[in-house]
$ cat target02.csv   # CSV, C-alpha atoms and all ligand atoms
chain,number,residue,atom,x,y,z
A,27,MET,CA,-127.9,66.9,-73.0
A,28,LEU,CA,-130.2,66.1,-70.0
A,29,PRO,CA,-128.8,66.9,-66.6
A,30,CYS,CA,-127.0,64.0,-65.0
A,31,VAL,CA,-128.3,61.9,-62.1
A,32,ARG,CA,-126.7,63.1,-58.9
A,33,VAL,CA,-127.2,60.2,-56.4
A,34,ASP,CA,-125.2,57.0,-56.7
A,35,ARG,CA,-127.9,54.6,-55.6
A,36,HIS,CA,-125.7,51.5,-55.1
A,37,THR,CA,-122.0,51.3,-54.4
A,38,HIS,CA,-119.9,49.1,-52.0
A,39,LEU,CA,-117.3,50.5,-49.7
A,40,GLU,CA,-115.2,47.4,-50.4
A,41,GLY,CA,-115.3,47.9,-54.1
A,42,SER,CA,-114.6,51.6,-54.1
A,43,LEU,CA,-110.8,51.8,-53.7
A,44,ASP,CA,-109.4,53.2,-56.9
A,45,ALA,CA,-107.5,50.8,-59.2
A,46,ALA,CA,-104.4,53.0,-59.1
A,47,TRP,CA,-104.6,53.1,-55.3
A,48,VAL,CA,-104.8,49.3,-55.1
A,49,ARG,CA,-102.1,48.7,-57.7
A,50,GLN,CA,-99.8,51.0,-55.8
A,51,ARG,CA,-100.4,49.2,-52.5
A,52,ALA,CA,-100.0,45.8,-54.1
A,53,GLN,CA,-96.7,46.8,-55.7
A,54,GLU,CA,-95.4,48.1,-52.3
A,55,GLU,CA,-96.2,44.7,-50.8
A,56,GLY,CA,-94.9,42.6,-53.6
A,57,LEU,CA,-98.4,41.2,-54.3
A,58,THR,CA,-99.8,40.4,-57.8
A,59,PRO,CA,-103.4,41.3,-58.4
A,60,PRO,CA,-105.5,38.3,-59.4
A,61,ARG,CA,-106.0,37.8,-63.2
A,62,ALA,CA,-109.7,38.4,-62.8
A,63,LEU,CA,-109.0,41.8,-61.3
A,64,GLU,CA,-106.7,42.8,-64.1
A,65,ALA,CA,-109.3,41.6,-66.6
A,66,LEU,CA,-112.0,43.7,-64.9
A,67,TRP,CA,-109.8,46.8,-64.9
A,68,ARG,CA,-109.5,46.2,-68.7
A,69,ASN,CA,-113.3,46.2,-68.9
A,70,GLU,CA,-113.5,42.5,-69.7
A,71,ALA,CA,-116.3,40.2,-68.4
A,72,VAL,CA,-115.4,37.5,-65.9
A,73,PRO,CA,-117.4,34.8,-64.1
A,74,PHE,CA,-119.0,35.9,-60.8
A,75,GLU,CA,-116.6,33.7,-58.8
A,76,GLY,CA,-113.6,35.5,-60.5
A,77,PHE,CA,-115.2,38.8,-59.5
A,78,ILE,CA,-115.5,37.7,-55.9
A,79,ARG,CA,-111.7,36.9,-55.9
A,80,ALA,CA,-110.9,40.3,-57.4
A,81,PHE,CA,-113.2,42.0,-54.9
A,82,PHE,CA,-111.6,40.3,-51.9
A,83,PHE,CA,-108.1,41.2,-53.1
A,84,SER,CA,-109.0,44.8,-53.5
A,85,CYS,CA,-110.8,45.2,-50.2
A,86,GLY,CA,-108.0,43.4,-48.4
A,87,PHE,CA,-106.3,46.8,-48.3
A,88,LEU,CA,-109.0,48.3,-46.1
A,89,ARG,CA,-106.7,47.9,-43.1
A,90,ASN,CA,-107.2,51.1,-41.2
A,91,ALA,CA,-109.5,54.1,-40.8
A,92,GLU,CA,-107.6,56.1,-43.4
A,93,ALA,CA,-108.0,53.5,-46.1
A,94,VAL,CA,-111.8,53.4,-45.4
A,95,THR,CA,-112.0,57.2,-45.6
A,96,ALA,CA,-110.0,57.0,-48.9
A,97,ALA,CA,-112.5,54.5,-50.3
A,98,ILE,CA,-115.4,56.8,-49.4
A,99,LEU,CA,-113.7,59.9,-50.9
A,100,ALA,CA,-113.0,57.8,-54.1
A,101,ALA,CA,-116.8,57.2,-54.3
A,102,VAL,CA,-117.5,60.9,-53.9
A,103,GLY,CA,-115.1,61.6,-56.7
A,104,ARG,CA,-117.2,59.4,-59.1
A,105,LEU,CA,-120.2,61.7,-58.7
A,106,PRO,CA,-121.0,64.5,-61.1
A,107,GLU,CA,-119.6,67.9,-60.1
A,108,ALA,CA,-121.4,70.0,-57.5
A,109,VAL,CA,-124.2,72.4,-58.7
A,110,PRO,CA,-125.3,74.8,-56.0
A,111,GLY,CA,-128.7,73.9,-54.5
A,112,LEU,CA,-128.9,70.4,-56.1
A,113,PRO,CA,-128.4,67.4,-53.8
A,114,ARG,CA,-125.7,64.8,-54.3
A,115,GLY,CA,-125.5,61.6,-52.4
A,116,ILE,CA,-124.5,58.0,-52.1
A,117,ASP,CA,-126.3,54.9,-50.8
A,118,MET,CA,-123.2,52.9,-49.8
A,119,TRP,CA,-123.2,49.2,-48.9
A,120,VAL,CA,-120.7,48.0,-46.3
A,121,SER,CA,-119.8,44.5,-45.1
A,122,PRO,CA,-118.5,45.0,-41.5
A,123,HIS,CA,-118.6,41.3,-40.5
A,124,PHE,CA,-116.5,40.3,-43.5
A,125,LEU,CA,-114.0,43.1,-43.0
A,126,VAL,CA,-113.7,42.8,-39.2
A,127,LYS,CA,-114.4,39.2,-38.3
A,128,GLN,CA,-113.8,37.0,-41.4
A,129,GLY,CA,-111.0,39.0,-43.1
A,130,GLN,CA,-109.7,40.6,-39.8
A,131,PHE,CA,-108.5,43.5,-41.9
A,132,LEU,CA,-109.3,46.1,-39.2
A,133,THR,CA,-111.2,46.6,-36.0
A,134,LEU,CA,-114.9,47.6,-36.0
A,135,ASP,CA,-113.8,50.8,-34.2
A,136,ALA,CA,-111.4,51.7,-37.0
A,137,LEU,CA,-114.0,50.9,-39.7
A,138,TRP,CA,-116.6,53.1,-38.0
A,139,ARG,CA,-114.1,55.9,-37.5
A,140,GLY,CA,-113.1,55.8,-41.2
A,141,ILE,CA,-116.7,55.9,-42.3
A,142,ASP,CA,-117.5,58.7,-39.9
A,143,ASP,CA,-114.6,60.8,-41.2
A,144,GLY,CA,-115.4,60.0,-44.8
A,145,ILE,CA,-119.1,60.9,-44.3
A,146,ALA,CA,-118.1,64.2,-42.6
A,147,GLN,CA,-115.7,65.1,-45.5
A,148,ALA,CA,-118.3,64.2,-48.1
A,149,ARG,CA,-120.8,66.4,-46.2
A,150,SER,CA,-118.5,69.3,-46.4
A,151,GLN,CA,-118.6,68.8,-50.2
A,152,GLY,CA,-122.4,68.8,-50.1
A,153,VAL,CA,-122.6,65.0,-50.5
A,154,ARG,CA,-125.0,63.0,-48.3
A,155,ILE,CA,-124.1,59.3,-47.5
A,156,ALA,CA,-126.2,56.6,-45.9
A,157,ILE,CA,-124.8,53.2,-45.0
A,158,ILE,CA,-126.5,49.9,-45.7
A,159,ILE,CA,-125.1,46.9,-43.9
A,160,ASP,CA,-124.4,44.0,-46.3
A,161,ALA,CA,-124.5,40.3,-45.3
A,162,VAL,CA,-123.3,37.7,-47.7
A,163,ASN,CA,-126.1,35.5,-48.9
A,164,HIS,CA,-124.0,32.4,-49.7
A,165,PHE,CA,-122.2,32.6,-46.3
A,166,GLY,CA,-125.6,31.5,-44.8
A,167,VAL,CA,-128.2,32.6,-42.3
A,168,ASP,CA,-126.0,32.1,-39.2
A,169,HIS,CA,-123.5,34.6,-40.8
A,170,GLY,CA,-126.5,37.0,-41.2
A,171,GLN,CA,-127.3,36.8,-37.5
A,172,GLU,CA,-123.6,37.4,-36.7
A,173,VAL,CA,-123.6,40.5,-38.8
A,174,LEU,CA,-126.5,41.9,-36.8
A,175,ASP,CA,-124.8,40.7,-33.5
A,176,LEU,CA,-121.8,42.8,-34.5
A,177,VAL,CA,-123.6,45.9,-35.8
A,178,LEU,CA,-126.8,46.4,-33.7
A,179,PRO,CA,-125.4,46.9,-30.1
A,180,ASP,CA,-123.7,50.2,-30.9
A,181,LYS,CA,-125.2,51.2,-34.2
A,182,PRO,CA,-123.9,54.5,-35.7
A,183,SER,CA,-126.7,56.9,-36.8
A,184,TRP,CA,-125.7,56.8,-40.5
A,185,ILE,CA,-126.6,53.1,-40.8
A,186,ILE,CA,-130.0,53.1,-42.4
A,187,GLY,CA,-130.5,49.6,-43.8
A,188,PHE,CA,-129.7,46.0,-44.0
A,189,SER,CA,-129.1,43.9,-47.2
A,190,THR,CA,-127.9,40.7,-48.5
A,191,GLY,CA,-125.3,40.4,-51.4
A,192,GLY,CA,-122.9,37.9,-52.9
A,193,LEU,CA,-124.1,34.7,-54.6
A,194,GLU,CA,-127.8,34.2,-54.3
A,195,GLY,CA,-127.3,30.6,-53.0
A,196,VAL,CA,-129.5,30.5,-49.9
A,197,PRO,CA,-133.3,31.0,-50.3
A,198,PHE,CA,-134.8,34.2,-49.0
A,199,LYS,CA,-137.3,32.2,-47.1
A,200,ALA,CA,-134.4,30.9,-44.9
A,201,TRP,CA,-133.1,34.5,-44.5
A,202,ALA,CA,-136.5,35.8,-43.4
A,203,PRO,CA,-135.8,35.7,-39.6
A,204,VAL,CA,-132.6,37.7,-40.2
A,205,PHE,CA,-134.4,40.4,-42.2
A,206,GLU,CA,-137.1,40.5,-39.6
A,207,ARG,CA,-134.6,41.1,-36.8
A,208,ALA,CA,-133.0,43.9,-38.8
A,209,ARG,CA,-136.5,45.4,-39.5
A,210,GLN,CA,-137.3,45.3,-35.8
A,211,ALA,CA,-134.1,47.1,-35.0
A,212,GLY,CA,-135.3,50.0,-37.2
A,213,LEU,CA,-133.3,49.2,-40.4
A,214,ARG,CA,-134.8,49.4,-43.9
A,215,LEU,CA,-134.4,46.2,-46.0
A,216,ALA,CA,-132.8,45.6,-49.4
A,217,ALA,CA,-131.4,42.6,-51.2
A,218,HIS,CA,-129.2,41.8,-54.2
A,219,ALA,CA,-131.6,39.6,-56.2
A,220,GLY,CA,-132.1,38.5,-59.7
A,221,GLU,CA,-128.5,39.2,-60.6
A,222,ASN,CA,-126.5,35.9,-60.4
A,223,GLY,CA,-129.6,34.0,-59.3
A,224,PRO,CA,-133.0,33.5,-61.0
A,225,ALA,CA,-135.8,36.0,-61.4
A,226,ALA,CA,-137.8,34.2,-58.8
A,227,ASN,CA,-135.3,35.4,-56.2
A,228,VAL,CA,-136.7,38.9,-56.7
A,229,ARG,CA,-140.2,37.8,-55.9
A,230,GLU,CA,-139.0,35.7,-52.9
A,231,ALA,CA,-136.9,38.6,-51.5
A,232,ILE,CA,-140.1,40.8,-51.5
A,233,LEU,CA,-142.7,38.3,-50.5
A,234,ASP,CA,-140.7,35.9,-48.2
A,235,ALA,CA,-138.1,38.2,-46.7
A,236,GLY,CA,-140.1,41.5,-46.8
A,237,VAL,CA,-137.4,43.6,-48.6
A,238,GLU,CA,-138.5,47.0,-49.8
A,239,ARG,CA,-135.7,47.6,-52.3
A,240,ILE,CA,-134.0,45.4,-54.9
A,241,VAL,CA,-130.4,45.7,-56.1
A,242,HIS,CA,-130.0,44.7,-59.8
A,243,GLY,CA,-133.2,42.6,-60.4
A,244,VAL,CA,-132.2,42.4,-64.0
A,245,ARG,CA,-133.4,38.8,-64.5
A,246,ALA,CA,-137.0,40.0,-63.7
A,247,ALA,CA,-137.2,41.8,-67.0
A,248,SER,CA,-138.6,38.7,-68.9
A,249,HIS,CA,-141.1,37.8,-66.1
A,250,PRO,CA,-144.3,40.0,-66.4
A,251,ASP,CA,-145.6,38.8,-63.1
A,252,ILE,CA,-142.5,39.9,-61.2
A,253,LEU,CA,-142.4,43.2,-63.1
A,254,GLU,CA,-146.0,43.7,-62.0
A,255,LEU,CA,-145.1,43.0,-58.4
A,256,LEU,CA,-142.2,45.5,-58.5
A,257,ALA,CA,-144.4,48.2,-60.1
A,258,ALA,CA,-147.4,47.6,-57.9
A,259,ARG,CA,-145.4,47.8,-54.7
A,260,LYS,CA,-143.3,50.7,-56.0
A,261,ILE,CA,-140.1,48.7,-55.1
A,262,PRO,CA,-137.0,50.8,-56.1
A,263,VAL,CA,-134.6,48.8,-58.2
A,264,ASP,CA,-130.9,49.9,-58.3
A,265,ILE,CA,-129.5,49.3,-61.8
A,266,CYS,CA,-125.7,49.1,-62.4
A,267,ILE,CA,-125.2,48.9,-66.1
A,268,THR,CA,-121.4,48.5,-66.2
A,269,SER,CA,-121.4,46.0,-63.4
A,270,ASN,CA,-124.2,44.0,-65.1
A,271,ARG,CA,-122.4,43.9,-68.4
A,272,ALA,CA,-119.3,42.6,-66.6
A,273,LEU,CA,-121.0,40.0,-64.3
A,274,VAL,CA,-124.1,38.9,-66.2
A,275,PRO,CA,-122.6,37.9,-69.6
A,276,ASP,CA,-125.7,36.2,-70.9
A,277,LEU,CA,-127.8,39.2,-70.3
A,278,GLY,CA,-128.1,40.3,-73.9
A,279,GLY,CA,-129.4,43.9,-74.3
A,280,HIS,CA,-129.6,45.6,-71.0
A,281,PRO,CA,-133.1,45.3,-69.6
A,282,LEU,CA,-133.3,48.9,-68.1
A,283,PRO,CA,-135.8,50.0,-70.8
A,284,ALA,CA,-138.0,46.9,-70.3
A,285,LEU,CA,-138.1,47.6,-66.5
A,286,LEU,CA,-138.9,51.2,-66.9
A,287,ARG,CA,-141.7,50.5,-69.5
A,288,ALA,CA,-143.2,48.1,-67.0
A,289,GLY,CA,-143.4,50.9,-64.5
A,290,VAL,CA,-140.5,49.8,-62.2
A,291,ARG,CA,-138.8,52.6,-60.2
A,292,CYS,CA,-135.3,52.2,-61.5
A,293,ALA,CA,-132.3,54.3,-60.6
A,294,LEU,CA,-128.5,54.1,-61.3
A,295,GLY,CA,-125.5,52.9,-59.3
A,296,THR,CA,-121.9,52.1,-59.8
A,297,ASP,CA,-121.7,48.9,-57.7
A,298,ASP,CA,-117.9,48.2,-57.4
A,299,PRO,CA,-116.4,51.0,-59.5
A,300,GLY,CA,-112.8,50.4,-58.1
A,301,VAL,CA,-113.0,46.8,-59.3
A,302,ILE,CA,-115.2,47.3,-62.4
A,303,PRO,CA,-114.2,50.9,-63.4
A,304,CYS,CA,-117.1,53.3,-63.9
A,305,THR,CA,-118.5,56.6,-62.7
A,306,LEU,CA,-122.1,57.9,-62.2
A,307,PRO,CA,-121.9,60.3,-65.2
A,308,GLY,CA,-120.6,57.4,-67.2
A,309,GLU,CA,-123.6,55.2,-66.1
A,310,TRP,CA,-125.9,58.0,-67.1
A,311,GLU,CA,-124.4,58.1,-70.6
A,312,ARG,CA,-124.8,54.4,-70.8
A,313,ALA,CA,-128.5,54.7,-69.8
A,314,GLN,CA,-129.0,57.3,-72.5
A,315,SER,CA,-127.4,54.9,-75.1
A,316,LEU,CA,-130.1,52.3,-74.4
A,317,GLY,CA,-132.7,54.1,-76.4
A,318,LEU,CA,-134.7,55.6,-73.5
A,319,THR,CA,-137.1,58.4,-74.3
A,320,PRO,CA,-136.5,61.8,-72.6
A,321,ALA,CA,-139.5,61.0,-70.3
A,322,GLU,CA,-138.0,57.7,-69.3
A,323,LEU,CA,-134.6,59.3,-68.5
A,324,GLU,CA,-136.4,62.0,-66.5
A,325,ALA,CA,-138.1,59.2,-64.6
A,326,VAL,CA,-134.7,57.6,-63.8
A,327,ARG,CA,-133.5,61.0,-62.5
A,328,ALA,CA,-136.6,61.6,-60.4
A,329,HIS,CA,-136.5,58.1,-58.9
A,330,SER,CA,-132.8,58.3,-58.1
A,331,GLU,CA,-133.5,61.2,-55.7
A,332,ALA,CA,-137.0,60.4,-54.5
A,333,ASP,CA,-136.1,56.8,-53.4
A,334,ALA,CA,-132.6,57.6,-52.2
A,335,TRP,CA,-132.1,56.6,-48.6
A,336,CYS,CA,-129.1,59.0,-48.2
A,337,LEU,CA,-131.5,61.9,-48.8
A,338,GLN,CA,-134.0,60.6,-46.3
A,339,LEU,CA,-131.4,60.1,-43.5
A,340,ASN,CA,-132.4,62.3,-40.5
A,341,ASP,CA,-129.0,63.5,-39.5
A,342,ALA,CA,-129.1,67.2,-40.2
A,401,ZN,ZN,-123.8,45.3,-55.2
$ encode --input "target02.csv" --output "structure tokens" --more "lines below"
Ligand SMILES: [Zn+2]
Amino acid sequence: MLPCVRVDRHTHLEGSLDAAWVRQRAQEEGLTPPRALEALWRNEAVPFEGFIRAFFFSCGFLRNAEAVTAAILAAVGRLPEAVPGLPRGIDMWVSPHFLVKQGQFLTLDALWRGIDDGIAQARSQGVRIAIIIDAVNHFGVDHGQEVLDLVLPDKPSWIIGFSTGGLEGVPFKAWAPVFERARQAGLRLAAHAGENGPAANVREAILDAGVERIVHGVRAASHPDILELLAARKIPVDICITSNRALVPDLGGHPLPALLRAGVRCALGTDDPGVIPCTLPGEWERAQSLGLTPAELEAVRAHSEADAWCLQLNDA
């Protein structure tokens, strides 16, 4: 058995609360989890819109700093066990504008305090965490600017990047000024692309919006020109096998082997493991079941650390 990957390269704070935790809170408040969330907890596939409903229900319980810290510690609990001397880490996406402004679940101060406490507790367990600010693609470009208006003025040091997520409805060309503003503010750039939108979104995110990292990108697997672009520019691609199986039902066999064989720097992530149950060791097992050679698996492990933003954060 090869040693497990030790960095969760893509997970969302909002999708991290454990199913049992959410079920308990819902029961206390007399709320019924949406059918899509129950289906996902049973490991069934749902349409992306159903996933969004499930996701919003779950993250609606992030109402104070303590809940935010609980979500971070749940993410830490989904990593493999500590081995002395070997780094563990999480690149965690957070949507502050959605939580604070749109959902009005909690204040920005409470969100930052909860994250700060979660990161400190994770650190005491030897786990490094970097935060990537997520804006919702389908909420549009003005929303993207508002996300930066909210975050940039008093940016905590553990925020390392800016990304778009959600439905890939608005072209990356339109998003380019938002990404440029984030870049000028010192943030690294990533995007969910080629997941619920076409493969061309991967190319446009890189060429039109200047992103240096792609989340999912699975639709690119059947497009040699896009694979070549990813490989030539050494763009890291975060692969979330369990999430892809749940949300990309027409995917067929998972394209991780095809991406790796094209020279793409793939690593593994859990995405929304409180909503779509999975762990990092479980994702590693799934990767192994895809028929990868030992050298390809070793490449995944090497990329997962070499390209991890949490291990590059200068906060020692
Ligand atoms: Zn994601």
$ closest_residue --input "target02.csv" --among "A:Pro299, A:Pro224, A:Pro307, A:Gly166" --to "ligand ZN 401 (chain A)" --atoms "only C-alpha atoms and all ligand atoms"
A:Pro299
$ closest_atom_pairs --input "target02.csv" --of "range 169-284 of chain A" --to "range 69-88 of chain A" --cutoff "10 Å" --atoms "only C-alpha atoms" --output "JSON lines"
{"residue": "A:Gly192", "atom": "CA", "partner": "A:Ile78", "partner_atom": "CA", "distance": 8.0}
{"residue": "A:Leu193", "atom": "CA", "partner": "A:Phe74", "partner_atom": "CA", "distance": 8.1}
{"residue": "A:Asn222", "atom": "CA", "partner": "A:Phe74", "partner_atom": "CA", "distance": 7.5}
{"residue": "A:Thr268", "atom": "CA", "partner": "A:Asn69", "partner_atom": "CA", "distance": 8.8}
{"residue": "A:Ser269", "atom": "CA", "partner": "A:Ala71", "partner_atom": "CA", "distance": 9.2}
{"residue": "A:Asn270", "atom": "CA", "partner": "A:Ala71", "partner_atom": "CA", "distance": 9.4}
{"residue": "A:Arg271", "atom": "CA", "partner": "A:Ala71", "partner_atom": "CA", "distance": 7.1}
{"residue": "A:Ala272", "atom": "CA", "partner": "A:Ala71", "partner_atom": "CA", "distance": 4.2}
{"residue": "A:Leu273", "atom": "CA", "partner": "A:Phe74", "partner_atom": "CA", "distance": 5.7}
{"residue": "A:Val274", "atom": "CA", "partner": "A:Phe74", "partner_atom": "CA", "distance": 8.0}
{"residue": "A:Pro275", "atom": "CA", "partner": "A:Ala71", "partner_atom": "CA", "distance": 6.8}
$ write_last_selection --input "target02.csv" --atoms "C-alpha atoms" --output "JSON list (two decimals), in the frame of the given file"
[["chain", "number", "residue", "atom", "x", "y", "z"],
["A", 192, "GLY", "CA", -122.90, 37.90, -52.90],
["A", 193, "LEU", "CA", -124.10, 34.70, -54.60],
["A", 222, "ASN", "CA", -126.50, 35.90, -60.40],
["A", 268, "THR", "CA", -121.40, 48.50, -66.20],
["A", 269, "SER", "CA", -121.40, 46.00, -63.40],
["A", 270, "ASN", "CA", -124.20, 44.00, -65.10],
["A", 271, "ARG", "CA", -122.40, 43.90, -68.40],
["A", 272, "ALA", "CA", -119.30, 42.60, -66.60],
["A", 273, "LEU", "CA", -121.00, 40.00, -64.30],
["A", 274, "VAL", "CA", -124.10, 38.90, -66.20],
["A", 275, "PRO", "CA", -122.60, 37.90, -69.60]]
$ residues_near_ligand --input "target02.csv" --ligand "ligand ZN 401 (chain A)" --cutoff "7 Å" --atoms "only C-alpha atoms and all ligand atoms" --output "ChimeraX atom specification"
/A:36-38,191,218,241,297-298
$ closest_residue --input "target02.csv" --among "A:Thr296, A:Ser315, A:Asn340, A:Ser189" --to "Ser42 in chain A" --atoms "all atoms listed in the file"
A:Thr296
$ residues_around --input "target02.csv" --residues "Ala156 in chain A" --least-positions-apart "3" --cutoff "9 Å" --atoms "all atoms listed in the file" --output "MDAnalysis selection string"
chainID A and resid 115:119 145 184:187 335:339
$ residues_near_point --input "target02.csv" --point "(-132.0, 51.0, -73.6)" --cutoff "7 Å" --atoms "only C-alpha atoms" --output "MDAnalysis selection string"
chainID A and resid 280 282:283 313 315:318
$ residues_near_point --input "target02.csv" --point "(-145.0, 48.7, -54.2)" --cutoff "12 Å" --atoms "all atoms listed in the file" --output "PyMOL selection string"
chain A and resi 232-233+236-240+252-263+289-291
$ residues_around --input "target02.csv" --residues "Gly300 in chain A" --least-positions-apart "2" --cutoff "6 Å" --atoms "all atoms listed in the file" --output "compact mmCIF listing (two decimals) with C-alpha atoms, keeping the file's coordinate frame"
# COMPACT_ATOMS: atom_id res chain seq x y z
CA GLY A 41 -115.30 47.90 -54.10
CA SER A 42 -114.60 51.60 -54.10
CA LEU A 43 -110.80 51.80 -53.70
CA ASP A 44 -109.40 53.20 -56.90
CA ALA A 45 -107.50 50.80 -59.20
CA ASP A 298 -117.90 48.20 -57.40
CA ILE A 302 -115.20 47.30 -62.40
CA PRO A 303 -114.20 50.90 -63.40
$ atom_distance --input "target02.csv" --atom1 "CA of Val102 in chain A" --atom2 "CA of Gly144 in chain A"
9.4 Å
$ residues_around --input "target02.csv" --residues "Ala247 in chain A" --least-positions-apart "5" --cutoff "8 Å" --atoms "only C-alpha atoms" --output "PyMOL selection string"
chain A and resi 253+281+284-285
$ atom_distance --input "target02.csv" --atom1 "CA of Glu322 in chain A" --atom2 "CA of Ile265 in chain A"
14.1 Å
$ atom_distance --input "target02.csv" --atom1 "CA of Glu194 in chain A" --atom2 "CA of Arg35 in chain A"
20.4 Å
$ closest_residue --input "target02.csv" --among "A:Ala235, A:Leu323, A:Arg229, A:Glu40" --to "Ile159 in chain A" --atoms "all atoms listed in the file"
A:Glu40
$ residues_around --input "target02.csv" --residues "Gly212 in chain A" --least-positions-apart "2" --cutoff "10 Å" --atoms "all atoms listed in the file" --output "list in words"
Leu178, Ile185, Ile186, Gly187, Phe188, Glu206, Arg207, Ala208, Arg209, Gln210, Arg214 and Leu215 of chain A
$ residues_around --input "target02.csv" --residues "range 104-111 of chain A" --least-positions-apart "3" --cutoff "7 Å" --atoms "all atoms listed in the file" --output "ChimeraX atom specification"
/A:32,100-101,305-307
$ closest_residue --input "target02.csv" --among "A:Arg139, A:Arg245, A:Lys199, A:Arg154" --to "Pro182 in chain A" --atoms "all atoms listed in the file"
A:Arg139
$ closest_residue --input "target02.csv" --among "A:Ala148, A:Val120, A:Val301, A:Ala93" --to "Pro59 in chain A" --atoms "all atoms listed in the file"
A:Val301
$ closest_residue --input "target02.csv" --among "A:Leu174, A:Leu112, A:Ala91, A:Val162" --to "Leu137 in chain A" --atoms "all atoms listed in the file"
A:Ala91
$ build_atoms --input "target02.csv" --residues "range 235-250 of chain A" --atoms "N, CA and C atoms" --output "compact mmCIF listing (two decimals), in the coordinates of the input"
# COMPACT_ATOMS: atom_id res chain seq x y z
N ALA A 235 -139.04 37.56 -47.61
CA ALA A 235 -138.10 38.20 -46.70
C ALA A 235 -138.57 39.68 -46.38
N GLY A 236 -139.54 40.19 -47.11
CA GLY A 236 -140.10 41.50 -46.80
C GLY A 236 -139.20 42.68 -47.21
N VAL A 237 -138.30 42.48 -48.19
CA VAL A 237 -137.40 43.60 -48.60
C VAL A 237 -138.22 44.64 -49.33
N GLU A 238 -137.81 45.89 -49.20
CA GLU A 238 -138.50 47.00 -49.80
C GLU A 238 -137.71 47.64 -50.96
N ARG A 239 -136.58 47.01 -51.27
CA ARG A 239 -135.70 47.60 -52.30
C ARG A 239 -134.87 46.45 -52.91
N ILE A 240 -134.72 46.44 -54.22
CA ILE A 240 -134.00 45.40 -54.90
C ILE A 240 -132.75 45.98 -55.59
N VAL A 241 -131.61 45.31 -55.40
CA VAL A 241 -130.40 45.70 -56.10
C VAL A 241 -130.29 44.76 -57.34
N HIS A 242 -130.12 45.36 -58.49
CA HIS A 242 -130.00 44.70 -59.80
C HIS A 242 -131.39 44.24 -60.30
N GLY A 243 -131.84 43.05 -59.93
CA GLY A 243 -133.20 42.60 -60.40
C GLY A 243 -133.30 42.40 -61.87
N VAL A 244 -132.16 42.38 -62.58
CA VAL A 244 -132.20 42.40 -64.00
C VAL A 244 -132.89 41.16 -64.64
N ARG A 245 -132.80 40.03 -63.92
CA ARG A 245 -133.40 38.80 -64.50
C ARG A 245 -134.94 38.88 -64.47
N ALA A 246 -135.49 39.84 -63.74
CA ALA A 246 -137.00 40.00 -63.70
C ALA A 246 -137.55 40.48 -64.98
N ALA A 247 -136.70 41.04 -65.84
CA ALA A 247 -137.20 41.80 -67.00
C ALA A 247 -138.08 40.91 -67.92
N SER A 248 -137.82 39.61 -67.98
CA SER A 248 -138.60 38.70 -68.90
C SER A 248 -139.70 38.00 -68.13
N HIS A 249 -140.05 38.48 -66.95
CA HIS A 249 -141.10 37.80 -66.10
C HIS A 249 -142.18 38.86 -65.80
N PRO A 250 -143.23 38.92 -66.62
CA PRO A 250 -144.30 40.00 -66.40
C PRO A 250 -144.85 39.98 -65.02
